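*Asks:* File follows, run-v2.cif with mmCIF, C-alpha atoms and all ligand atoms:
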data_my_file
loop_
_atom_site.label_atom_id
_atom_site.label_comp_id
_atom_site.auth_asym_id
_atom_site.auth_seq_id
_atom_site.Cartn_x
_atom_site.Cartn_y
_atom_site.Cartn_z
CA MET A 1 -22.72 -12.95 3.81
CA ASN A 2 -23.88 -14.02 7.27
CA PRO A 3 -22.22 -17.38 7.87
CA ALA A 4 -24.77 -18.25 10.54
CA ALA A 5 -27.62 -17.98 8.04
CA LEU A 6 -26.82 -21.24 6.25
CA PRO A 7 -26.60 -24.62 7.96
CA LYS A 8 -23.11 -26.17 8.11
CA PRO A 9 -22.75 -29.51 6.35
CA ALA A 10 -22.88 -32.40 8.80
CA GLU A 11 -19.40 -33.80 8.09
CA PRO A 12 -16.17 -32.20 7.02
CA LEU A 13 -15.05 -35.39 5.22
CA VAL A 14 -16.99 -37.59 2.82
CA HIS A 15 -16.50 -41.15 1.55
CA ARG A 16 -18.31 -44.19 0.23
CA ALA A 17 -20.14 -46.22 2.87
CA GLN A 18 -18.47 -49.60 3.45
CA PRO A 19 -19.25 -52.41 5.91
CA PRO A 20 -17.86 -51.72 9.40
CA ALA A 21 -14.95 -53.95 10.43
CA ASP A 22 -15.24 -56.74 12.98
CA LEU A 23 -11.63 -57.65 13.42
CA VAL A 24 -9.00 -58.56 15.94
CA ILE A 25 -5.36 -57.72 15.17
CA ARG A 26 -3.23 -60.08 17.23
CA GLY A 27 0.16 -59.40 18.69
CA ALA A 28 1.21 -56.27 16.82
CA ARG A 29 3.41 -53.62 18.41
CA VAL A 30 0.95 -50.78 18.86
CA LEU A 31 2.62 -47.39 18.58
CA ASP A 32 0.48 -44.30 19.12
CA PRO A 33 2.64 -41.48 20.51
CA ARG A 34 -0.40 -39.28 21.21
CA ALA A 35 -2.28 -41.99 23.10
CA GLY A 36 0.92 -42.87 24.96
CA ILE A 37 0.90 -46.48 23.72
CA ASP A 38 4.04 -48.36 22.71
CA GLY A 39 3.76 -52.08 23.32
CA VAL A 40 2.54 -55.41 22.03
CA HIS A 41 -1.23 -55.70 22.26
CA ASP A 42 -4.22 -57.33 20.61
CA VAL A 43 -6.64 -54.75 19.25
CA LEU A 44 -10.29 -55.64 18.86
CA ILE A 45 -12.46 -53.67 16.45
CA ARG A 46 -16.23 -54.18 16.73
CA GLY A 47 -18.62 -52.54 14.32
CA GLY A 48 -15.85 -50.22 13.15
CA THR A 49 -14.99 -48.96 16.63
CA ILE A 50 -11.93 -49.85 18.72
CA ALA A 51 -13.55 -51.99 21.42
CA GLU A 52 -10.59 -53.34 23.36
CA ILE A 53 -6.82 -53.01 23.59
CA GLY A 54 -5.03 -55.73 25.50
CA ALA A 55 -5.65 -59.41 25.09
CA PRO A 56 -9.33 -59.66 24.21
CA ALA A 57 -11.04 -62.99 23.82
CA ALA A 58 -12.44 -62.34 20.36
CA PRO A 59 -16.13 -63.09 20.06
CA GLU A 60 -17.44 -65.47 17.38
CA GLY A 61 -17.56 -64.18 13.85
CA VAL A 62 -14.64 -61.80 14.26
CA GLU A 63 -11.83 -62.12 11.74
CA SER A 64 -8.33 -62.43 13.11
CA LEU A 65 -5.26 -60.77 11.56
CA ASP A 66 -1.81 -61.95 12.58
CA GLY A 67 0.13 -58.85 13.58
CA GLU A 68 3.09 -60.61 15.15
CA GLY A 69 6.32 -58.82 14.33
CA LYS A 70 4.31 -56.01 12.71
CA GLN A 71 3.50 -52.44 13.81
CA LEU A 72 0.09 -50.92 14.28
CA PHE A 73 -0.02 -47.14 13.85
CA PRO A 74 -2.77 -44.53 13.94
CA GLY A 75 -3.75 -44.00 10.28
CA PHE A 76 -1.98 -41.27 8.35
CA VAL A 77 -3.73 -38.07 7.25
CA ASP A 78 -2.50 -36.10 4.24
CA PRO A 79 -3.51 -32.42 4.15
CA HIS A 80 -2.20 -31.96 0.59
CA VAL A 81 -3.08 -34.19 -2.36
CA HIS A 82 -4.22 -33.66 -5.94
CA LEU A 83 -7.01 -36.05 -6.91
CA ARG A 84 -7.49 -34.36 -10.33
CA VAL A 85 -11.29 -34.44 -10.15
CA PRO A 86 -13.13 -32.88 -11.86
CA GLY A 87 -11.67 -32.69 -15.32
CA GLN A 88 -8.34 -34.56 -15.32
CA GLU A 89 -9.48 -38.11 -14.70
CA HIS A 90 -6.84 -39.44 -17.09
CA LYS A 91 -4.32 -38.61 -14.32
CA GLU A 92 -6.31 -39.73 -11.25
CA ASP A 93 -9.84 -39.93 -9.91
CA LEU A 94 -11.55 -40.22 -6.55
CA ASP A 95 -11.44 -44.01 -6.58
CA SER A 96 -7.83 -44.47 -7.77
CA GLY A 97 -6.48 -41.60 -5.66
CA THR A 98 -8.07 -42.84 -2.46
CA ARG A 99 -7.02 -46.42 -3.30
CA ALA A 100 -3.41 -45.14 -3.54
CA ALA A 101 -3.90 -43.34 -0.22
CA ALA A 102 -5.26 -46.44 1.51
CA ALA A 103 -2.32 -48.48 0.16
CA GLY A 104 -0.01 -45.95 1.80
CA GLY A 105 -1.70 -46.25 5.20
CA PHE A 106 -3.70 -43.01 4.87
CA VAL A 107 -7.14 -42.84 6.45
CA ALA A 108 -8.04 -39.33 5.25
CA VAL A 109 -6.77 -36.90 2.62
CA VAL A 110 -7.46 -33.29 1.70
CA ALA A 111 -7.67 -32.49 -2.01
CA MET A 112 -6.53 -29.28 -3.71
CA PRO A 113 -8.82 -27.17 -5.92
CA ASN A 114 -6.61 -26.74 -9.05
CA THR A 115 -8.94 -28.92 -11.08
CA ASP A 116 -10.90 -28.29 -14.28
CA PRO A 117 -13.14 -26.51 -13.48
CA VAL A 118 -11.43 -25.03 -10.45
CA ILE A 119 -13.18 -25.55 -7.09
CA ASP A 120 -14.00 -21.88 -6.70
CA ASP A 121 -17.77 -22.07 -6.48
CA ALA A 122 -20.16 -23.78 -4.08
CA THR A 123 -22.05 -25.67 -6.79
CA VAL A 124 -18.87 -27.33 -8.08
CA LEU A 125 -17.79 -28.15 -4.53
CA ARG A 126 -21.17 -29.65 -3.64
CA SER A 127 -21.19 -31.93 -6.68
CA LEU A 128 -17.60 -33.00 -6.01
CA ARG A 129 -18.47 -33.91 -2.42
CA GLU A 130 -21.48 -35.82 -3.71
CA ALA A 131 -19.22 -37.77 -6.11
CA ALA A 132 -16.83 -38.54 -3.25
CA ARG A 133 -19.74 -39.90 -1.26
CA HIS A 134 -20.04 -42.63 -3.92
CA GLU A 135 -16.45 -43.11 -5.02
CA ALA A 136 -13.92 -42.28 -2.30
CA ARG A 137 -12.59 -45.33 -0.45
CA ILE A 138 -11.37 -43.25 2.49
CA PRO A 139 -12.69 -39.95 3.88
CA VAL A 140 -11.79 -36.95 1.71
CA GLY A 141 -11.97 -33.25 2.45
CA PHE A 142 -11.63 -30.39 0.01
CA LEU A 143 -10.01 -26.99 -0.04
CA ALA A 144 -11.52 -24.34 -2.30
CA GLY A 145 -9.74 -21.57 -4.18
CA VAL A 146 -8.73 -18.34 -2.45
CA THR A 147 -9.25 -16.52 -5.75
CA ARG A 148 -11.57 -17.09 -8.69
CA ASP A 149 -10.12 -19.53 -11.21
CA LEU A 150 -6.98 -19.38 -9.02
CA GLY A 151 -6.27 -16.26 -11.02
CA GLY A 152 -5.01 -14.23 -8.08
CA ASP A 153 -7.24 -11.22 -8.75
CA ALA A 154 -10.67 -11.62 -7.14
CA LEU A 155 -11.58 -13.50 -3.97
CA THR A 156 -13.98 -16.44 -4.14
CA GLU A 157 -17.19 -16.42 -2.07
CA MET A 158 -15.29 -17.83 0.88
CA ALA A 159 -18.22 -17.91 3.33
CA GLU A 160 -20.45 -19.68 0.82
CA LEU A 161 -17.70 -22.20 0.08
CA ALA A 162 -17.16 -22.81 3.78
CA ASP A 163 -20.88 -23.46 4.17
CA ALA A 164 -20.72 -25.90 1.26
CA GLY A 165 -18.02 -27.88 3.06
CA ALA A 166 -14.65 -26.34 2.15
CA LEU A 167 -12.16 -27.08 4.94
CA GLY A 168 -10.18 -24.04 3.93
CA PHE A 169 -8.71 -22.21 0.96
CA THR A 170 -5.68 -22.38 -1.29
CA ASP A 171 -4.56 -21.37 -4.77
CA ASP A 172 -2.05 -24.25 -4.69
CA GLY A 173 -0.09 -24.60 -7.89
CA ARG A 174 0.23 -20.85 -7.69
CA PRO A 175 0.99 -18.25 -5.04
CA VAL A 176 -1.48 -15.60 -3.91
CA HIS A 177 0.86 -13.09 -5.47
CA ARG A 178 -0.97 -9.89 -4.57
CA ALA A 179 -0.46 -8.98 -0.93
CA ALA A 180 -3.75 -7.05 -0.72
CA ILE A 181 -5.68 -10.12 -1.85
CA LEU A 182 -4.10 -12.27 0.83
CA ARG A 183 -4.85 -9.58 3.40
CA LYS A 184 -8.49 -9.54 2.37
CA ALA A 185 -8.68 -13.34 2.48
CA LEU A 186 -7.37 -13.23 6.06
CA GLN A 187 -10.07 -10.71 6.94
CA TYR A 188 -12.76 -13.03 5.53
CA GLN A 189 -11.19 -15.94 7.40
CA ARG A 190 -12.36 -14.23 10.60
CA LEU A 191 -15.95 -14.58 9.38
CA CYS A 192 -15.91 -18.00 7.80
CA GLY A 193 -13.02 -19.87 9.43
CA GLY A 194 -10.98 -22.38 7.50
CA LEU A 195 -7.28 -22.71 6.91
CA LEU A 196 -5.46 -20.57 4.35
CA ALA A 197 -2.90 -22.92 2.79
CA LEU A 198 -0.22 -21.16 0.77
CA HIS A 199 1.97 -22.30 -2.11
CA GLU A 200 4.79 -19.81 -1.63
CA GLU A 201 6.58 -18.63 -4.70
CA ASP A 202 7.44 -15.27 -6.21
CA PRO A 203 6.80 -15.73 -9.95
CA SER A 204 9.17 -12.90 -10.79
CA LEU A 205 11.98 -14.85 -9.10
CA SER A 206 10.97 -18.34 -10.28
CA GLY A 207 10.73 -17.15 -13.88
CA VAL A 208 11.05 -20.05 -16.29
CA GLY A 209 13.05 -22.16 -13.83
CA VAL A 210 12.64 -25.93 -14.01
CA MET A 211 14.78 -27.04 -11.05
CA HIS A 212 16.61 -25.66 -8.00
CA GLU A 213 19.01 -22.84 -8.82
CA GLY A 214 22.40 -24.12 -7.75
CA ASP A 215 25.51 -25.91 -8.93
CA VAL A 216 23.54 -28.75 -10.53
CA SER A 217 21.31 -26.45 -12.61
CA ALA A 218 24.42 -24.52 -13.66
CA ARG A 219 26.18 -27.71 -14.72
CA LEU A 220 23.15 -29.01 -16.61
CA GLY A 221 22.48 -25.61 -18.18
CA LEU A 222 18.89 -25.56 -16.92
CA ALA A 223 17.05 -22.48 -15.69
CA GLY A 224 16.89 -22.42 -11.89
CA ILE A 225 14.27 -21.52 -9.27
CA PRO A 226 16.11 -19.76 -6.43
CA SER A 227 15.27 -20.68 -2.83
CA ILE A 228 14.48 -17.02 -2.09
CA SER A 229 11.52 -17.31 -4.46
CA GLU A 230 9.88 -19.29 -1.66
CA SER A 231 11.34 -17.78 1.51
CA THR A 232 10.70 -14.12 0.67
CA MET A 233 7.02 -14.86 0.07
CA ILE A 234 6.78 -16.75 3.37
CA ALA A 235 8.28 -13.76 5.18
CA ARG A 236 5.83 -11.41 3.45
CA ASP A 237 2.78 -13.58 4.16
CA ALA A 238 3.80 -14.20 7.76
CA ALA A 239 3.97 -10.43 8.24
CA ILE A 240 0.48 -9.99 6.75
CA ALA A 241 -0.95 -12.87 8.80
CA GLY A 242 0.59 -11.40 11.95
CA TYR A 243 -0.89 -7.98 11.19
CA GLU A 244 -4.37 -9.44 10.56
CA GLN A 245 -4.00 -12.06 13.30
CA GLY A 246 -5.02 -14.67 10.76
CA ARG A 247 -3.95 -18.27 10.45
CA ILE A 248 -1.80 -19.47 7.54
CA HIS A 249 -0.33 -22.83 6.62
CA ILE A 250 2.77 -22.99 4.41
CA GLN A 251 2.67 -25.84 1.92
CA HIS A 252 5.65 -27.96 0.84
CA LEU A 253 8.61 -26.14 2.43
CA SER A 254 11.74 -26.81 0.39
CA ALA A 255 14.54 -24.39 1.36
CA HIS A 256 16.52 -23.74 4.53
CA GLU A 257 15.70 -20.02 4.33
CA SER A 258 12.03 -21.00 4.38
CA VAL A 259 12.44 -23.05 7.55
CA GLU A 260 14.11 -19.99 9.11
CA ALA A 261 11.26 -17.72 7.95
CA VAL A 262 8.66 -20.04 9.53
CA ALA A 263 10.67 -20.35 12.75
CA ASP A 264 11.04 -16.55 12.98
CA ALA A 265 7.31 -16.05 12.46
CA LYS A 266 6.44 -18.69 15.07
CA ALA A 267 8.81 -17.00 17.53
CA ARG A 268 6.94 -13.73 16.98
CA GLY A 269 3.63 -15.43 17.76
CA VAL A 270 2.26 -15.53 14.20
CA ARG A 271 -0.34 -18.29 13.77
CA ILE A 272 1.62 -20.15 11.13
CA THR A 273 2.07 -23.87 10.46
CA ALA A 274 4.08 -25.69 7.81
CA GLU A 275 4.40 -29.01 6.04
CA ALA A 276 7.25 -30.82 4.28
CA SER A 277 7.02 -33.64 1.76
CA PRO A 278 8.76 -37.04 1.85
CA HIS A 279 10.63 -36.14 -1.34
CA HIS A 280 12.00 -32.85 -0.01
CA LEU A 281 12.98 -34.61 3.22
CA THR A 282 14.87 -37.41 1.49
CA LEU A 283 16.07 -36.30 -1.98
CA THR A 284 18.17 -33.46 -3.41
CA HIS A 285 18.90 -32.00 -6.83
CA ASP A 286 21.80 -34.43 -7.07
CA ALA A 287 19.23 -37.07 -8.02
CA ILE A 288 18.50 -35.02 -11.16
CA ALA A 289 22.21 -34.85 -11.97
CA GLU A 290 22.32 -38.67 -11.87
CA ARG A 291 19.45 -39.09 -14.30
CA LEU A 292 17.49 -36.31 -15.95
CA ASP A 293 14.24 -38.00 -14.98
CA THR A 294 11.07 -35.92 -15.28
CA ARG A 295 9.62 -37.78 -12.28
CA LEU A 296 12.11 -35.74 -10.23
CA LYS A 297 10.69 -32.47 -11.55
CA MET A 298 8.36 -30.83 -9.09
CA ASN A 299 7.46 -27.43 -7.69
CA PRO A 300 9.01 -26.45 -5.38
CA PRO A 301 12.06 -28.27 -6.72
CA LEU A 302 14.34 -30.72 -4.93
CA ARG A 303 17.00 -28.49 -3.42
CA ASP A 304 20.46 -29.11 -1.97
CA GLU A 305 21.72 -31.11 0.98
CA LEU A 306 21.80 -28.08 3.29
CA ASP A 307 18.12 -27.46 2.54
CA ARG A 308 17.18 -31.11 3.01
CA ARG A 309 18.91 -31.21 6.39
CA ALA A 310 17.19 -28.00 7.47
CA LEU A 311 13.81 -29.59 6.68
CA VAL A 312 14.68 -32.68 8.74
CA ASP A 313 15.82 -30.46 11.63
CA GLY A 314 12.65 -28.39 11.28
CA LEU A 315 10.51 -31.51 11.51
CA ARG A 316 12.41 -32.63 14.59
CA ASP A 317 12.24 -29.31 16.45
CA GLY A 318 8.59 -28.61 15.60
CA THR A 319 9.10 -25.74 13.15
CA ILE A 320 7.51 -28.06 10.58
CA ASP A 321 4.21 -29.39 11.86
CA CYS A 322 3.43 -32.27 9.56
CA ILE A 323 4.41 -34.39 6.58
CA ALA A 324 2.27 -33.94 3.45
CA THR A 325 2.85 -35.74 0.15
CA ASP A 326 1.64 -33.15 -2.42
CA HIS A 327 0.65 -36.28 -4.41
CA ALA A 328 0.54 -34.86 -7.95
CA PRO A 329 -0.27 -37.46 -10.60
CA HIS A 330 0.49 -36.87 -14.28
CA ALA A 331 -0.13 -39.22 -17.20
CA ARG A 332 2.85 -41.05 -18.69
CA GLU A 333 2.69 -39.21 -22.03
CA GLU A 334 2.68 -35.86 -20.21
CA LYS A 335 5.90 -36.74 -18.35
CA GLU A 336 7.61 -38.50 -21.29
CA VAL A 337 8.92 -35.27 -22.79
CA PRO A 338 12.20 -33.37 -22.35
CA PHE A 339 12.85 -32.24 -18.76
CA GLU A 340 12.27 -28.56 -19.55
CA GLU A 341 8.80 -29.26 -20.96
CA ALA A 342 7.49 -31.77 -18.42
CA PRO A 343 4.77 -30.77 -15.94
CA MET A 344 5.81 -30.37 -12.29
CA GLY A 345 4.80 -33.02 -9.77
CA THR A 346 5.37 -36.46 -8.30
CA THR A 347 2.99 -39.01 -6.87
CA GLY A 348 3.65 -39.84 -3.25
CA LEU A 349 0.82 -41.47 -1.31
CA GLU A 350 1.98 -45.06 -1.74
CA THR A 351 5.61 -44.35 -0.83
CA ALA A 352 5.32 -41.67 1.89
CA PHE A 353 5.87 -43.84 4.95
CA ALA A 354 8.37 -46.20 3.32
CA ALA A 355 10.52 -43.37 1.92
CA VAL A 356 10.75 -41.50 5.23
CA HIS A 357 11.22 -44.74 7.16
CA THR A 358 13.99 -45.97 4.86
CA GLU A 359 15.92 -42.72 4.57
CA LEU A 360 15.40 -41.17 8.01
CA VAL A 361 14.23 -43.75 10.57
CA VAL A 362 16.37 -46.76 9.60
CA PRO A 363 19.64 -44.73 9.70
CA GLY A 364 18.62 -43.29 13.08
CA VAL A 365 18.11 -39.68 11.95
CA LEU A 366 14.50 -39.45 13.22
CA PRO A 367 12.64 -41.58 15.76
CA LEU A 368 9.84 -43.76 14.39
CA ALA A 369 7.33 -42.25 16.84
CA LEU A 370 8.01 -38.74 15.52
CA VAL A 371 7.47 -39.81 11.92
CA VAL A 372 4.24 -41.61 12.81
CA GLU A 373 3.01 -38.51 14.63
CA LYS A 374 3.93 -36.12 11.79
CA LEU A 375 2.19 -38.33 9.21
CA SER A 376 -1.17 -37.65 10.86
CA ALA A 377 -0.57 -34.22 12.40
CA GLY A 378 -2.00 -32.52 9.30
CA ALA A 379 -5.46 -33.54 10.50
CA ALA A 380 -5.42 -31.11 13.42
CA LEU A 381 -4.31 -28.23 11.18
CA MET A 382 -7.34 -28.86 8.98
CA GLY A 383 -9.64 -28.94 12.01
CA LEU A 384 -10.12 -32.70 11.67
CA ALA A 385 -10.06 -35.40 14.33
CA VAL A 386 -6.57 -36.88 14.67
CA PRO A 387 -6.68 -40.69 14.51
CA ARG A 388 -5.96 -42.34 17.86
CA ILE A 389 -5.67 -45.94 18.89
CA ALA A 390 -7.89 -45.76 21.95
CA VAL A 391 -11.00 -47.60 23.12
CA GLY A 392 -14.16 -45.99 21.82
CA GLU A 393 -12.45 -44.29 18.88
CA PRO A 394 -13.51 -45.06 15.30
CA ALA A 395 -10.93 -47.46 13.86
CA ALA A 396 -8.48 -45.48 11.70
CA LEU A 397 -5.18 -47.30 11.66
CA CYS A 398 -2.63 -49.13 9.57
CA LEU A 399 -0.67 -52.34 10.03
CA VAL A 400 2.90 -52.06 8.77
CA ASP A 401 5.77 -54.50 8.25
CA LEU A 402 8.91 -52.46 8.96
CA ASP A 403 11.24 -55.15 7.63
CA ALA A 404 9.57 -55.74 4.27
CA GLU A 405 11.66 -54.48 1.36
CA TRP A 406 10.05 -53.63 -1.94
CA GLN A 407 11.02 -51.96 -5.15
CA VAL A 408 8.87 -48.94 -5.96
CA GLY A 409 6.84 -49.48 -9.12
CA GLU A 410 7.85 -53.12 -9.59
CA ALA A 411 4.32 -54.35 -8.89
CA GLY A 412 2.70 -51.25 -10.42
CA TYR A 413 0.79 -48.58 -8.53
CA GLU A 414 -2.70 -48.17 -7.15
CA SER A 415 -2.62 -44.59 -8.46
CA ARG A 416 -3.66 -44.14 -12.08
CA SER A 417 -0.33 -42.39 -12.70
CA GLU A 418 3.20 -43.68 -12.28
CA ASN A 419 5.21 -40.47 -12.02
CA CYS A 420 6.74 -41.42 -8.69
CA CYS A 421 10.10 -39.81 -7.87
CA PHE A 422 11.06 -42.93 -5.86
CA ALA A 423 10.48 -45.29 -8.80
CA GLY A 424 13.05 -48.08 -8.94
CA ARG A 425 14.32 -47.49 -5.40
CA THR A 426 14.25 -50.27 -2.84
CA LEU A 427 12.38 -49.10 0.26
CA ARG A 428 11.92 -50.70 3.66
CA GLY A 429 8.50 -50.67 5.30
CA ARG A 430 5.30 -51.92 3.73
CA VAL A 431 1.70 -51.15 4.62
CA LEU A 432 -0.15 -54.48 4.98
CA ALA A 433 -3.64 -53.30 5.85
CA THR A 434 -5.48 -50.03 6.41
CA VAL A 435 -8.70 -49.44 8.34
CA ALA A 436 -10.31 -46.05 7.67
CA ALA A 437 -13.54 -44.69 9.15
CA GLY A 438 -14.11 -48.10 10.74
CA SER A 439 -13.84 -50.17 7.54
CA VAL A 440 -11.03 -52.27 6.07
CA VAL A 441 -10.08 -50.25 2.99
CA TYR A 442 -6.83 -51.89 1.96
CA ARG A 443 -5.03 -55.19 2.25
CA GLU A 444 -1.70 -55.92 0.67
CA ARG A 445 -2.25 -58.79 -1.79
CA ALA A 446 0.04 -61.40 -0.21
CA PHE A 447 -1.16 -60.48 3.27
CA ALA A 448 -4.80 -60.82 2.28
CA LEU A 449 -4.10 -64.38 1.06
CA THR A 450 -2.21 -65.52 4.12
CA ALA A 451 -4.35 -63.82 6.78
CA ALA A 452 -6.32 -66.33 8.83
ZN ZN B 1 2.10 -26.23 -4.58
ZN ZN B 2 0.15 -29.24 -4.46
#
Write out the structure in this file as structure tokens.
*Replies:*
Amino acid sequence: MNPAALPKPAEPLVHRAQPPADLVIRGARVLDPRAGIDGVHDVLIRGGTIAEIGAPAAPEGVESLDGEGKQLFPGFVDPHVHLRVPGQEHKEDLDSGTRAAAAGGFVAVVAMPNTDPVIDDATVLRSLREAARHEARIPVGFLAGVTRDLGGDALTEMAELADAGALGFTDDGRPVHRAAILRKALQYQRLCGGLLALHEEDPSLSGVGVMHEGDVSARLGLAGIPSISESTMIARDAAIAGYEQGRIHIQHLSAHESVEAVADAKARGVRITAEASPHHLTLTHDAIAERLDTRLKMNPPLRDELDRRALVDGLRDGTIDCIATDHAPHAREEKEVPFEEAPMGTTGLETAFAAVHTELVVPGVLPLALVVEKLSAGAALMGLAVPRIAVGEPAALCLVDLDAEWQVGEAGYESRSENCCFAGRTLRGRVLATVAAGSVVYRERAFALTAA
């Protein structure tokens, strides 16, 4: 169990090798809050690296993209996606999931271990990383299980998994319901590092609930999941993390009590971070009242307007550190069942920026720069390099048309699944091109045809 005995893998993220970009993006508004850039510039990428920002005279053989009237952002990083590999490739796979990510402007994603088999053993993790080396279009990292088979009873070999490349640990899909197990995991974290990402839910409170417990669930006669199912577990785990001086990350915050629990823990000096999803930031259970659509069924559930506003406030004041999609693909036949029986989850990679932009930036609720920053802030939590638009940095950026309107699902999806909670909505803001790890990994169809 000596973590120094085994060599660390060379790279935390893996992807398929692609030709490095030689590209100049002309006249886009470059917005990188971390690099302190907000202005119209030409950006020259040579051999996959940002070579010049300003008005470079592009050398011969460099392709030119017209960015006039468009925005160039540091690429987004999602610390919470489900790529369904191994074992559930009918929902998603490494190629389709990372294609969906690239189409959403993401330049790196971190996949959850609730696969079949579960990523709870170094051999499974190694072969998954090897597969990603051939199939993933953008860099992918992996979390491994906290407990064997995500069963909640026995810890995985965390040090071995960390050596095999796990960025951290989670039982996502389920809580670590036994406090003593979480405590032990935090003790091992001291030896092997890595983030402990927690899906917070008390199963005895969630019961057989299928949506938020509130006036809408009462009216529809559906069993509810109370907000305290989440917030009481956050309070418990923050207390344990504080006691062990460990580091925890709270996944997909949904309730106002949860935002308060995270804020309280941060005020006490607990090393705690948190994420919120585009759907929890922009939708409420009222959407389910309008149409009993299984694409709106997820865990944690869409809650009420007070909760949604608390999440937005938490993002603004820094209680919530980053935006994460919890992209959770399910096959059509799995979702085309009565609401009570449908699996929980929505896809989200392709709509993340557009949904938040449309619902929160356009109406003036949140500044664009804050949203751009929160869409990549998850990288730092995972111990990954945060994309920056700066000379000498590997190119990891996305070109976005803020004025483009599109109807979600109208032209299909890059994801293998179509269970998107924003389906049918008209959103503003379209990713035109994505450069990840120095290579062009996505171009919107029309843009690819018209680009000079
Ligand atoms: Zn979860
Ligand atoms: Zn999840």
*Asks:* Under the rule that all atoms listed in the file are counted, which of A:Ala102, A:Ile288, A:Ala379, A:Val85 is the nearest residue to Ala352 of chain A?
*Replies:*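 Of A:Ala102, A:Ile288, A:Ala379, A:Val85, the one nearest Ala352 of chain A is A:Ala102, counting all atoms listed in the file.
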*Asks:* Please provide as a list in words all residues within 6 Å of Ser229 of chain A, with the sequence filter that same-chain residues fewer than 6 positions apart are discarded (counting only C-alpha atoms).
*Replies:*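 Here the answer would be Glu201, Asp202, Leu205 and Ser206 of chain A.
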*Asks:* Return as a PyMOL selection string every polymer residue, whether protein, DNA or RNA, with at least one atom no more than 12 Å from an atom of ligand ZN 1 (chain B); count all atoms listed in the file.
*Replies:* chain A and resi 80-82+111-114+170-176+197-201+230+249-254+275-277+298-301+324-328+344-346
*Asks:* Which neighbours of Asp78 of chain A fall inside 8 Å, counting only C-alpha atoms, when residues of the same chain fewer than 5 positions from it are skipped, and could you give them as a ChimeraX atom specification?
*Replies:* /A:106,108-110,323-325,375-376,378-379
*Asks:* Please, what distance in Å, to one decimal, runs between atom CA of Met211 of chain A and atom CA of Ile234 of chain A?
*Replies:*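 Separation of atom CA of Met211 of chain A and atom CA of Ile234 of chain A: 19.4 Å.
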*Asks:* Env of Thr284 of chain A: 7 Å cut, atoms = all atoms listed in the file, seq-sep filter 4 positions within chain, self excluded. Answer as JSON, numbers by chain.
*Replies:* {"A": [302, 303, 304, 305, 308]}
*Asks:* What is the distance, in Å and to one decimal place, between atom CA of Lys184 of chain A and atom CA of Ile272 of chain A?
*Replies:* 17.1 Å
*Asks:* Can you work out which one of A:Ala380, A:Ala58, A:Ala35, A:Leu83 has the shortest atom-to-atom distance to ligand ZN 2 (chain B), counting only C-alpha atoms and all ligand atoms?
*Replies:*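 With only C-alpha atoms and all ligand atoms as the atom set, the closest residue is A:Leu83.
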